[in-house]
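Chemist: Just dropping this structure here.
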Amino acid sequence: MIYNELCRDVVRQDSRLNCEPIAQRLIDKGCDCLILGCTEVGMLLNQDNVGVPVFDGDVTLSVA
């Protein structure tokens with residue numbers, strides 16, 4: 001998904017829908033924020049579709 005889609009600037013809804021439950025499982029286990037270490041994952045997960053604060057590594061590093 002990352003190389004075949006996101007690195008090629010292809011964002012598919014079904015890929016997003018596959019990632020959202022993974023984030024939700026982490027939240028259900030007590031995760032209070034998500035740190036997206038892979039720069040492309042922010043194309044799928046963000047504050048709009050995750051119920052905890054999301055820190056996109058790519059954005060965070062560019063601001064620092």
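Ordered as shown in the structure tokens, chains take letters A, B, and onward, while each chain numbers its residues from 1 and ligands are numbered from 1 in the order shown.
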Which of chain A end up as strand (DSSP E or B) when DSSP is run on this backbone - answer as a list in words?
Modeler: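 Strand (DSSP E or B) members of chain A, listed: Leu34, Ile35, Leu36, Val54, Phe55 and Asp56 of chain A.
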Chemist: Which residues, written as an MDAnalysis selection string, have at least one atom at most 12 Å from Tyr3 (chain A), with only C-alpha atoms counted and residues fewer than 5 positions away on the same chain left out?
Modeler: chainID A and resid 8:11 38:41
Chemist: As a PyMOL selection string, please: every residue in chain A that DSSP puts in helix (DSSP H, G or I).
Modeler: chain A and resi 6-8+13-28+39-43+57-63
Chemist: Hey, can you spit out that residue selection with N, CA and C atoms as a CSV table (one decimal), in the first residue's frame?
Modeler:
```csv
chain,number,residue,atom,x,y,z
A,6,LEU,N,0.6,5.1,-2.1
A,6,LEU,CA,0.9,6.4,-1.5
A,6,LEU,C,2.2,7.0,-2.1
A,7,CYS,N,3.2,6.3,-2.3
A,7,CYS,CA,4.4,6.9,-2.9
A,7,CYS,C,4.2,7.4,-4.3
A,8,ARG,N,3.1,6.9,-4.9
A,8,ARG,CA,2.7,7.3,-6.3
A,8,ARG,C,1.6,8.3,-6.2
A,13,GLN,N,-9.8,4.9,-1.1
A,13,GLN,CA,-10.7,4.9,0.0
A,13,GLN,C,-10.6,3.5,0.7
A,14,ASP,N,-10.5,2.4,0.0
A,14,ASP,CA,-10.4,1.1,0.7
A,14,ASP,C,-9.1,1.0,1.5
A,15,SER,N,-8.1,1.6,1.1
A,15,SER,CA,-6.8,1.6,1.9
A,15,SER,C,-7.0,2.4,3.2
A,16,ARG,N,-7.7,3.5,3.1
A,16,ARG,CA,-8.0,4.3,4.3
A,16,ARG,C,-8.9,3.5,5.2
A,17,LEU,N,-9.9,2.9,4.7
A,17,LEU,CA,-10.8,2.1,5.5
A,17,LEU,C,-10.1,0.9,6.1
A,18,ASN,N,-9.1,0.4,5.5
A,18,ASN,CA,-8.3,-0.7,6.1
A,18,ASN,C,-7.4,-0.2,7.3
A,19,CYS,N,-7.0,1.0,7.2
A,19,CYS,CA,-6.1,1.6,8.3
A,19,CYS,C,-6.9,2.1,9.5
A,20,GLU,N,-8.1,2.6,9.3
A,20,GLU,CA,-8.8,3.2,10.4
A,20,GLU,C,-9.1,2.2,11.5
A,21,PRO,N,-9.5,1.0,11.2
A,21,PRO,CA,-9.7,0.0,12.3
A,21,PRO,C,-8.4,-0.3,13.1
A,22,ILE,N,-7.3,-0.2,12.4
A,22,ILE,CA,-6.0,-0.5,13.1
A,22,ILE,C,-5.8,0.6,14.1
A,23,ALA,N,-6.0,1.9,13.7
A,23,ALA,CA,-5.9,3.0,14.6
A,23,ALA,C,-6.9,2.9,15.8
A,24,GLN,N,-8.1,2.5,15.5
A,24,GLN,CA,-9.1,2.3,16.5
A,24,GLN,C,-8.7,1.2,17.5
A,25,ARG,N,-8.1,0.1,17.1
A,25,ARG,CA,-7.7,-0.9,18.0
A,25,ARG,C,-6.7,-0.4,19.0
A,26,LEU,N,-5.7,0.5,18.5
A,26,LEU,CA,-4.7,1.1,19.3
A,26,LEU,C,-5.4,2.0,20.4
A,27,ILE,N,-6.4,2.7,19.9
A,27,ILE,CA,-7.1,3.6,20.8
A,27,ILE,C,-7.8,2.8,21.9
A,28,ASP,N,-8.5,1.7,21.5
A,28,ASP,CA,-9.2,0.9,22.4
A,28,ASP,C,-8.3,0.3,23.4
A,39,THR,N,6.2,8.7,6.6
A,39,THR,CA,5.7,10.0,6.1
A,39,THR,C,4.4,9.8,5.3
A,40,GLU,N,4.2,8.7,4.6
A,40,GLU,CA,3.0,8.6,3.7
A,40,GLU,C,1.8,8.2,4.5
A,41,VAL,N,1.8,7.7,5.7
A,41,VAL,CA,0.6,7.3,6.4
A,41,VAL,C,-0.3,8.4,6.7
A,42,GLY,N,0.2,9.6,6.8
A,42,GLY,CA,-0.6,10.8,7.0
A,42,GLY,C,-1.6,11.1,5.8
A,43,MET,N,-1.3,10.4,4.7
A,43,MET,CA,-2.3,10.6,3.6
A,43,MET,C,-3.5,9.8,3.9
A,57,GLY,N,4.8,12.6,11.5
A,57,GLY,CA,6.2,12.8,11.6
A,57,GLY,C,6.7,13.8,10.5
A,58,ASP,N,6.2,13.7,9.3
A,58,ASP,CA,6.6,14.6,8.2
A,58,ASP,C,6.3,16.0,8.5
A,59,VAL,N,5.1,16.3,9.0
A,59,VAL,CA,4.8,17.7,9.3
A,59,VAL,C,5.5,18.2,10.5
A,60,THR,N,5.6,17.3,11.5
A,60,THR,CA,6.3,17.7,12.8
A,60,THR,C,7.7,18.1,12.5
A,61,LEU,N,8.4,17.3,11.7
A,61,LEU,CA,9.8,17.6,11.4
A,61,LEU,C,10.0,18.8,10.5
A,62,SER,N,9.0,19.1,9.7
A,62,SER,CA,9.2,20.3,8.8
A,62,SER,C,8.9,21.6,9.6
A,63,VAL,N,8.1,21.5,10.7
A,63,VAL,CA,7.9,22.7,11.5
A,63,VAL,C,9.1,22.9,12.4
```
Chemist: Using Å and a single decimal, report how far CA of Cys33 (chain A) sits from CA of Val52 (chain A).
Modeler: 5.1 Å
Chemist: Have a look at CA of Lys29 (chain A) and CA of Pro53 (chain A) and let me know their distance in Å, one decimal.
Modeler: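 The value is 15.2 Å.
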